[in-house]
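Text of entry.tsv (TSV, C-alpha atoms) as supplied:
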```tsv
chain	number	residue	atom	x	y	z
A	1	ILE	CA	15.66	19.67	-58.96
A	2	ILE	CA	14.24	17.95	-55.87
A	3	THR	CA	10.55	18.54	-55.25
A	4	THR	CA	9.13	19.16	-51.79
A	5	ILE	CA	7.62	15.68	-51.73
A	6	GLN	CA	10.90	14.07	-52.80
A	7	TYR	CA	12.78	16.06	-50.17
A	8	GLN	CA	10.34	14.90	-47.51
A	9	GLN	CA	10.75	11.27	-48.63
A	10	ILE	CA	14.53	11.53	-48.47
A	11	SER	CA	14.36	13.26	-45.07
A	12	ASN	CA	12.06	10.57	-43.69
A	13	HIS	CA	14.39	7.85	-44.99
A	14	TYR	CA	17.40	9.23	-43.14
A	15	LYS	CA	15.40	9.80	-39.98
A	16	LYS	CA	14.44	6.14	-40.01
A	17	THR	CA	18.05	5.04	-40.46
A	18	LEU	CA	19.00	6.91	-37.31
A	19	GLN	CA	16.33	5.24	-35.17
A	20	PRO	CA	17.25	2.32	-32.90
A	21	ARG	CA	16.81	-1.07	-34.51
A	22	THR	CA	13.58	-2.94	-34.00
A	23	GLU	CA	13.06	-6.20	-32.15
A	24	ASN	CA	13.09	-8.03	-35.50
A	25	MET	CA	16.64	-6.97	-36.26
A	26	PRO	CA	19.31	-8.75	-34.17
A	27	LEU	CA	21.76	-6.55	-32.31
A	28	LYS	CA	25.12	-8.01	-33.22
A	29	ASN	CA	27.75	-5.28	-32.93
A	30	VAL	CA	28.65	-4.77	-29.27
A	31	ALA	CA	31.09	-2.23	-27.82
A	32	ILE	CA	32.17	-2.63	-24.20
A	33	ALA	CA	34.13	-0.24	-21.98
A	34	GLY	CA	35.87	-1.51	-18.85
A	35	ALA	CA	36.25	-5.02	-20.23
A	36	ASN	CA	39.36	-5.73	-18.16
A	37	GLY	CA	37.64	-4.92	-14.85
A	38	THR	CA	36.22	-7.20	-12.19
A	39	VAL	CA	32.78	-7.60	-13.75
A	40	GLY	CA	33.65	-6.37	-17.25
A	41	SER	CA	36.04	-9.26	-17.87
A	42	HIS	CA	33.24	-11.75	-17.19
A	43	ILE	CA	30.85	-9.88	-19.49
A	44	LEU	CA	33.46	-9.87	-22.26
A	45	GLN	CA	34.14	-13.58	-21.80
A	46	ASN	CA	30.45	-14.44	-22.17
A	47	LEU	CA	30.12	-12.30	-25.30
A	48	LEU	CA	33.18	-13.82	-26.95
A	49	ILE	CA	32.05	-17.43	-26.52
A	50	ASP	CA	29.18	-16.74	-28.92
A	51	PRO	CA	30.78	-15.27	-32.09
A	52	GLN	CA	27.69	-16.17	-34.12
A	53	SER	CA	25.63	-13.74	-32.06
A	54	PHE	CA	28.10	-10.97	-31.28
A	55	LYS	CA	30.88	-9.02	-32.94
A	56	VAL	CA	32.69	-7.41	-30.02
A	57	THR	CA	34.75	-4.23	-29.89
A	58	VAL	CA	36.57	-3.29	-26.70
A	59	PHE	CA	36.87	0.40	-25.80
A	60	THR	CA	39.77	1.35	-23.57
A	61	ARG	CA	41.43	4.59	-22.51
A	62	GLU	CA	44.85	3.32	-23.52
A	63	ILE	CA	45.72	0.34	-25.71
A	64	LYS	CA	48.22	-1.98	-24.03
A	65	PRO	CA	49.42	-5.29	-25.48
A	66	GLY	CA	48.35	-8.53	-23.84
A	67	VAL	CA	45.42	-7.12	-21.86
A	68	PHE	CA	42.64	-8.60	-23.99
A	69	PRO	CA	42.31	-11.94	-25.80
A	70	ASP	CA	43.94	-12.24	-29.22
A	71	GLY	CA	41.69	-11.35	-32.11
A	72	VAL	CA	39.52	-8.90	-30.17
A	73	ASN	CA	39.11	-5.53	-31.84
A	74	VAL	CA	40.43	-2.91	-29.38
A	75	VAL	CA	39.81	0.82	-29.84
A	76	ALA	CA	41.21	3.73	-27.83
A	77	ALA	CA	38.29	5.88	-26.66
A	78	ASP	CA	37.97	9.21	-24.88
A	79	TYR	CA	35.10	9.02	-22.40
A	80	SER	CA	35.39	12.72	-21.58
A	81	ASN	CA	34.23	13.90	-25.02
A	82	VAL	CA	30.69	13.13	-26.18
A	83	ASP	CA	31.32	13.93	-29.85
A	84	THR	CA	34.43	11.80	-30.32
A	85	LEU	CA	32.89	8.96	-28.33
A	86	ALA	CA	29.79	9.10	-30.54
A	87	GLU	CA	32.03	8.87	-33.61
A	88	ALA	CA	33.80	5.82	-32.15
A	89	LEU	CA	30.39	4.22	-31.57
A	90	HIS	CA	29.40	4.53	-35.22
A	91	GLY	CA	28.16	1.17	-36.50
A	92	GLN	CA	27.64	-0.33	-33.03
A	93	ASP	CA	24.27	-1.67	-31.87
A	94	ILE	CA	24.93	-2.10	-28.15
A	95	PHE	CA	27.20	-0.16	-25.80
A	96	ILE	CA	28.04	-1.70	-22.42
A	97	SER	CA	29.71	0.33	-19.70
A	98	ALA	CA	31.60	-1.70	-17.11
A	99	ILE	CA	33.86	1.12	-15.93
A	100	ARG	CA	33.87	2.06	-12.27
A	101	ALA	CA	30.31	3.23	-11.61
A	102	GLU	CA	31.46	6.23	-9.59
A	103	ASN	CA	32.98	7.79	-12.74
A	104	LYS	CA	29.78	9.82	-12.92
A	105	GLU	CA	30.60	12.30	-15.67
A	106	GLU	CA	32.05	9.64	-17.96
A	107	GLN	CA	28.91	7.55	-17.55
A	108	LYS	CA	26.75	10.56	-18.45
A	109	ASN	CA	28.93	11.16	-21.50
A	110	MET	CA	28.48	7.54	-22.54
A	111	ALA	CA	24.72	7.90	-22.28
A	112	LYS	CA	24.70	11.08	-24.38
A	113	ALA	CA	27.12	9.64	-26.94
A	114	SER	CA	24.95	6.54	-27.24
A	115	LYS	CA	21.94	8.71	-28.05
A	116	LYS	CA	23.91	10.75	-30.57
A	117	ALA	CA	25.27	7.62	-32.28
A	118	GLY	CA	21.86	5.94	-32.50
A	119	ILE	CA	22.80	3.08	-30.19
A	120	SER	CA	19.91	0.63	-29.83
A	121	LEU	CA	20.81	-0.48	-26.30
A	122	PHE	CA	22.96	1.14	-23.62
A	123	ILE	CA	23.84	-0.86	-20.51
A	124	PRO	CA	25.20	1.39	-17.74
A	125	SER	CA	27.68	0.29	-15.13
A	126	ASP	CA	25.19	-0.42	-12.36
A	127	PHE	CA	26.02	-4.00	-11.41
A	128	GLY	CA	25.49	-3.86	-7.67
A	129	VAL	CA	23.00	-3.88	-4.82
A	130	ASP	CA	19.44	-2.63	-5.19
A	131	VAL	CA	19.51	1.19	-5.26
A	132	ASN	CA	15.73	1.44	-5.62
A	133	SER	CA	14.66	-0.54	-2.56
A	134	GLU	CA	13.20	1.36	0.38
A	135	GLU	CA	16.57	1.28	2.16
A	136	GLY	CA	18.61	1.68	-1.01
A	137	LYS	CA	16.91	5.00	-1.74
A	138	LYS	CA	18.10	6.29	1.63
A	139	ASN	CA	21.76	5.55	0.84
A	140	PHE	CA	23.57	8.79	-0.04
A	141	TYR	CA	26.10	6.94	-2.18
A	142	TYR	CA	23.61	5.55	-4.71
A	143	GLN	CA	22.02	8.79	-5.89
A	144	TYR	CA	24.32	9.13	-8.92
A	145	LYS	CA	23.10	5.75	-10.21
A	146	ARG	CA	19.49	6.87	-10.00
A	147	ASP	CA	20.44	10.17	-11.66
A	148	LEU	CA	21.96	8.31	-14.61
A	149	VAL	CA	18.77	6.29	-15.19
A	150	THR	CA	16.78	9.54	-15.03
A	151	LEU	CA	19.08	11.01	-17.70
A	152	LEU	CA	18.64	7.97	-19.95
A	153	LYS	CA	14.87	8.29	-19.69
A	154	ASP	CA	14.97	12.06	-20.29
A	155	ILE	CA	17.00	11.74	-23.51
A	156	GLU	CA	15.00	8.65	-24.55
A	157	GLN	CA	18.05	6.44	-24.89
A	158	PRO	CA	16.97	2.75	-24.74
A	159	PHE	CA	18.70	1.05	-21.82
A	160	VAL	CA	18.74	-1.94	-19.51
A	161	SER	CA	20.27	-1.64	-16.04
A	162	PHE	CA	21.18	-4.58	-13.82
A	163	THR	CA	20.81	-5.24	-10.10
A	164	PRO	CA	22.65	-8.49	-9.32
A	165	GLY	CA	23.08	-7.77	-5.63
A	166	PRO	CA	26.49	-8.54	-4.12
A	167	TRP	CA	28.86	-10.71	-6.19
A	168	LEU	CA	29.03	-13.35	-3.49
A	169	ASP	CA	32.09	-15.17	-4.85
A	170	PHE	CA	33.91	-11.82	-4.75
A	171	VAL	CA	32.68	-10.02	-1.61
A	172	MET	CA	33.22	-13.07	0.61
A	173	HIS	CA	36.95	-12.33	0.42
A	174	PHE	CA	36.57	-8.94	2.15
A	175	PRO	CA	36.26	-8.46	5.95
A	176	SER	CA	34.39	-5.17	5.37
A	177	TRP	CA	31.51	-7.34	4.12
A	178	GLY	CA	31.68	-9.42	7.28
A	179	PHE	CA	33.63	-12.34	5.79
A	180	ASP	CA	37.18	-12.86	7.09
A	181	MET	CA	38.30	-15.93	5.17
A	182	LYS	CA	41.97	-15.64	6.16
A	183	ASN	CA	41.31	-15.56	9.91
A	184	ARG	CA	38.30	-17.91	9.73
A	185	LYS	CA	35.79	-15.63	11.47
A	186	MET	CA	32.68	-13.61	10.59
A	187	GLU	CA	30.88	-10.43	11.50
A	188	VAL	CA	27.11	-10.76	11.20
A	189	PHE	CA	24.98	-7.66	10.68
A	190	GLY	CA	21.49	-7.66	12.20
A	191	THR	CA	20.11	-11.04	13.22
A	192	GLY	CA	21.90	-13.04	10.51
A	193	ASN	CA	18.58	-14.36	9.22
A	194	GLU	CA	17.90	-11.58	6.74
A	195	LYS	CA	17.60	-12.93	3.19
A	196	VAL	CA	19.71	-11.55	0.34
A	197	SER	CA	19.42	-11.98	-3.43
A	198	ALA	CA	22.93	-12.24	-4.86
A	199	SER	CA	24.97	-13.38	-7.84
A	200	THR	CA	28.39	-14.58	-8.94
A	201	LEU	CA	30.61	-12.66	-11.34
A	202	GLU	CA	30.10	-15.36	-13.94
A	203	GLY	CA	26.35	-15.16	-13.42
A	204	VAL	CA	26.41	-11.41	-14.13
A	205	GLY	CA	28.35	-12.03	-17.35
A	206	LYS	CA	25.84	-14.65	-18.49
A	207	ALA	CA	22.88	-12.40	-17.67
A	208	VAL	CA	24.25	-9.45	-19.62
A	209	ALA	CA	24.99	-11.63	-22.67
A	210	ALA	CA	21.47	-13.10	-22.47
A	211	VAL	CA	19.87	-9.64	-22.42
A	212	CYS	CA	21.99	-8.56	-25.39
A	213	LYS	CA	20.55	-11.48	-27.36
A	214	ASN	CA	16.97	-10.55	-26.53
A	215	PRO	CA	16.68	-7.07	-24.98
A	216	GLU	CA	13.11	-6.26	-25.96
A	217	PRO	CA	11.34	-7.74	-22.87
A	218	PHE	CA	13.68	-5.84	-20.53
A	219	LEU	CA	14.04	-2.44	-22.22
A	220	ASN	CA	14.08	0.70	-20.09
A	221	ARG	CA	13.97	-1.07	-16.74
A	222	THR	CA	16.16	-2.82	-14.19
A	223	VAL	CA	16.88	-6.53	-14.54
A	224	ARG	CA	17.11	-8.23	-11.15
A	225	ILE	CA	19.51	-11.14	-11.00
A	226	SER	CA	18.88	-13.56	-8.15
A	227	GLU	CA	21.32	-16.32	-9.02
A	228	VAL	CA	21.89	-17.37	-5.42
A	229	GLU	CA	20.11	-16.50	-2.18
A	230	TYR	CA	21.62	-16.54	1.28
A	231	THR	CA	21.43	-15.51	4.89
A	232	GLN	CA	24.57	-14.80	6.87
A	233	ASN	CA	23.73	-17.59	9.31
A	234	GLU	CA	23.38	-20.06	6.43
A	235	ILE	CA	26.87	-19.13	5.26
A	236	VAL	CA	28.30	-19.58	8.77
A	237	SER	CA	26.71	-23.03	8.94
A	238	ILE	CA	28.12	-24.06	5.54
A	239	LEU	CA	31.59	-22.74	6.40
A	240	ARG	CA	31.63	-24.75	9.63
A	241	SER	CA	30.35	-27.85	7.88
A	242	GLN	CA	32.80	-27.72	4.97
A	243	THR	CA	35.91	-26.87	7.01
A	244	GLY	CA	35.22	-28.50	10.37
A	245	GLU	CA	36.39	-25.24	12.00
A	246	GLU	CA	34.62	-23.03	14.56
A	247	TRP	CA	34.30	-19.73	12.61
A	248	PRO	CA	33.57	-17.48	15.63
A	249	VAL	CA	30.91	-14.85	14.98
A	250	THR	CA	30.71	-11.22	16.11
A	251	VAL	CA	27.22	-9.74	15.91
A	252	THR	CA	26.68	-6.08	15.01
A	253	SER	CA	23.06	-5.18	15.73
A	254	PHE	CA	21.21	-2.78	13.47
A	255	ASP	CA	21.22	-0.21	16.29
A	256	ASN	CA	25.01	-0.45	16.52
A	257	LEU	CA	25.35	-0.35	12.73
A	258	LYS	CA	23.19	2.78	12.58
A	259	GLN	CA	25.38	4.41	15.21
A	260	LYS	CA	28.55	3.50	13.27
A	261	ILE	CA	27.14	5.22	10.20
A	262	ALA	CA	26.28	8.33	12.22
A	263	ASP	CA	29.71	8.46	13.92
A	264	ALA	CA	31.81	7.85	10.78
A	265	THR	CA	33.79	10.92	9.72
A	266	GLU	CA	35.70	9.33	6.85
A	267	PHE	CA	34.15	8.28	3.57
A	268	TYR	CA	34.93	4.56	3.43
A	269	PRO	CA	33.65	3.54	6.90
A	270	LYS	CA	30.47	5.53	6.27
A	271	PHE	CA	30.03	4.02	2.81
A	272	SER	CA	30.83	0.45	3.90
A	273	ASN	CA	28.46	0.48	6.89
A	274	SER	CA	25.76	2.19	4.83
A	275	MET	CA	26.13	-0.60	2.28
A	276	MET	CA	25.60	-3.25	4.97
A	277	TRP	CA	22.54	-1.39	6.22
A	278	SER	CA	20.85	-1.18	2.82
A	279	LEU	CA	21.83	-4.79	2.08
A	280	TYR	CA	20.47	-6.42	5.24
A	281	TYR	CA	18.04	-4.12	7.01
A	282	ASN	CA	14.42	-5.02	6.31
A	283	ASN	CA	15.59	-7.58	3.71
A	284	GLY	CA	16.59	-4.60	1.56
A	285	ASN	CA	18.19	-6.67	-1.19
A	286	TYR	CA	15.83	-9.64	-1.34
A	287	TRP	CA	13.37	-9.98	-4.21
A	288	GLU	CA	11.61	-13.26	-3.43
A	289	ASP	CA	10.01	-14.34	-6.72
A	290	HIS	CA	10.66	-11.07	-8.57
A	291	SER	CA	13.97	-12.10	-10.12
A	292	ASP	CA	14.53	-12.05	-13.89
A	293	PHE	CA	17.27	-14.70	-13.79
A	294	GLU	CA	15.13	-17.61	-14.92
A	295	LYS	CA	13.41	-15.42	-17.54
A	296	LEU	CA	16.84	-15.16	-19.17
A	297	GLY	CA	17.02	-18.94	-19.46
A	298	LEU	CA	19.66	-19.22	-16.72
A	299	SER	CA	19.87	-21.63	-13.80
A	300	ARG	CA	20.49	-20.71	-10.18
A	301	THR	CA	23.67	-21.72	-8.37
A	302	PRO	CA	23.49	-23.57	-5.01
A	303	LEU	CA	24.83	-21.56	-2.09
A	304	GLU	CA	27.05	-24.47	-1.04
A	305	SER	CA	28.74	-24.39	-4.44
A	306	VAL	CA	29.55	-20.67	-4.17
A	307	VAL	CA	30.93	-21.03	-0.64
A	308	ASN	CA	33.07	-23.98	-1.73
A	309	THR	CA	34.50	-21.91	-4.60
A	310	VAL	CA	35.38	-19.12	-2.18
A	311	LEU	CA	37.08	-21.55	0.21
A	312	SER	CA	39.21	-22.93	-2.61
A	313	THR	CA	40.37	-19.44	-3.70
A	314	ASP	CA	43.19	-17.53	-2.01
A	315	SER	CA	41.73	-14.30	-0.62
A	316	ASP	CA	45.08	-12.53	-1.12
A	317	LYS	CA	44.34	-12.63	-4.85
A	318	TYR	CA	41.65	-10.02	-4.16
A	319	LEU	CA	42.92	-8.32	-1.02
A	320	LYS	CA	46.22	-7.31	-2.65
A	321	LYS	CA	44.50	-6.02	-5.79
A	322	TYR	CA	41.65	-4.14	-4.13
```

Output the structure of this file as structure tokens.
Amino acid sequence: IITTIQYQQISNHYKKTLQPRTENMPLKNVAIAGANGTVGSHILQNLLIDPQSFKVTVFTREIKPGVFPDGVNVVAADYSNVDTLAEALHGQDIFISAIRAENKEEQKNMAKASKKAGISLFIPSDFGVDVNSEEGKKNFYYQYKRDLVTLLKDIEQPFVSFTPGPWLDFVMHFPSWGFDMKNRKMEVFGTGNEKVSASTLEGVGKAVAAVCKNPEPFLNRTVRISEVEYTQNEIVSILRSQTGEEWPVTVTSFDNLKQKIADATEFYPKFSNSMMWSLYYNNGNYWEDHSDFEKLGLSRTPLESVVNTVLSTDSDKYLKKY
């Protein structure tokens, strides 16, 4: 026969076992969804190079041979079902989502499944420009990211979100961002002197791995990654210097950009121009000394180095895929 006191002791014991781990207990078991994506592959790579710190499990909708490195534990997961996803997360400490951020319902399910499974740290797929800046808050496209953070706070699921700004070594291959590497020309938005805090894909991977090692100082907030800073005019100058070519520039003023957004009837032109507005207008994605990058023990990358990497990479590698 179990007495009332004994029952209470047993009940309290199991409640404690379901609570997220404390800062004194290392978070070793990491599950990641979207690990074969643009940013997810770099996160996975930076987790795998430290097997003493992390035991990694990859979640994927469908298991296909040869997609992930040999030896990585790969599990088929259903992101549409909270209960089955929570079961798959059993025994994990950290759950990283690197799926396409616009998969809104799947991201919500991941958040709820993380709470149900007792995950100590959930990292949502929010690896982009600042959605909480004055201009970012005005962008219609970013609301679902803010809604997800609100959900995480409401259900009291510990999380860390990331704002790395544009992945400069990636976006410089796309004319919609103003960089036309194939035709050696640029479109500058605004004056060209607006400052931007940005990152590289590898820098994002390093930052996520660093937070997973020591999440406590960053819990339940956004980590800002300012790995590299730039202005559009600085990039034009470096491109001309490194190639010896002219790189003609077309200037789109903020008034013209605002009009383009208003006139756009299709989604992508409206989204793309809105992105440029929130990125450049009023230095909307520049954090000055408010970056967390150095707090993670990471070093910044010189702008010249990033531009040189872009110049040495065939843009068709990205343009054909995306």

Just the residues within 12 Å of Gly40 of chain A, please, counting only C-alpha atoms, with nothing from its chain fewer than 3 positions along; format it as a ChimeraX atom specification. /A:31-37,43-47,58-60,68,96-101,123-127,201-202,204-206,208-209

Can you tell me how far atom CA of Ser291 of chain A sits from atom CA of Val223 of chain A, in Å to one decimal?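 Result for atom CA of Ser291 of chain A versus atom CA of Val223 of chain A: 7.7 Å, one decimal.
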
Could you give me, as an NGL selection string, the residues that have an atom at most 10 Å away from the point (26.3, -20.3, -1.7) in the coordinates of the file, using only C-alpha atoms? :A and (168-169 or 198-200 or 227-231 or 234-235 or 238-239 or 301-310)

Which residues are close to segment 188-190 of chain A, i.e. within 8 Å by all atoms listed in the file, leaving aside same-chain residues fewer than 6 positions away? Reply as a PDB file with C-alpha atoms, keeping the file's coordinate frame.
```pdb
ATOM      1  CA  GLY A 178      31.680  -9.420   7.280  1.00  0.00           C
ATOM      2  CA  GLN A 232      24.570 -14.800   6.870  1.00  0.00           C
ATOM      3  CA  ASN A 233      23.730 -17.590   9.310  1.00  0.00           C
ATOM      4  CA  VAL A 249      30.910 -14.850  14.980  1.00  0.00           C
ATOM      5  CA  THR A 250      30.710 -11.220  16.110  1.00  0.00           C
ATOM      6  CA  VAL A 251      27.220  -9.740  15.910  1.00  0.00           C
ATOM      7  CA  THR A 252      26.680  -6.080  15.010  1.00  0.00           C
ATOM      8  CA  SER A 253      23.060  -5.180  15.730  1.00  0.00           C
ATOM      9  CA  PHE A 254      21.210  -2.780  13.470  1.00  0.00           C
ATOM     10  CA  LEU A 257      25.350  -0.350  12.730  1.00  0.00           C
ATOM     11  CA  MET A 276      25.600  -3.250   4.970  1.00  0.00           C
ATOM     12  CA  TYR A 280      20.470  -6.420   5.240  1.00  0.00           C
ATOM     13  CA  TYR A 281      18.040  -4.120   7.010  1.00  0.00           C
TER      14      TYR A 281
END
```

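The interatomic distance for the pair atom CA of His173 of chain A and atom CA of Tyr318 of chain A works out to 7.0 Å.
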
Taking all atoms of segment 294-299 of chain A that appear in the file, build a box with edges along x, y and z, extend it by 6 Å on every side, and state its centre and edge lengths in Å to one decimal, as AutoDock Vina command-line options.
```
--center_x 16.6 --center_y -18.4 --center_z -16.6 --size_x 18.5 --size_y 18.5 --size_z 17.7
```

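Remark: for Asp314 of chain A, the closest of the candidate residues A:Phe174, A:Ala113, A:Tyr144, A:Val196 is A:Phe174 (distances computed over all atoms listed in the file).
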
Taken to one decimal, the atom CA of Phe122 of chain A-atom CA of Glu294 of chain A distance is 22.1 Å

Taking all atoms listed in the file into account, which of A:Asn109, A:Asn29, A:Thr38, A:Gln143 comes nearest Gln92 of chain A?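 Counting all atoms listed in the file, the residue closest to Gln92 of chain A is A:Asn29.
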
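You can rank A:His90, A:Lys258, A:His42, A:Lys317 by their closest distance to Lys182 of chain A using only C-alpha atoms, and at the top of that list sits A:Lys317.
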
Restricting the calculation to only C-alpha atoms, which member of A:Ser315, A:Ala111, A:Asn132, A:Gly165 is positioned closest to Asn183 of chain A? A:Ser315
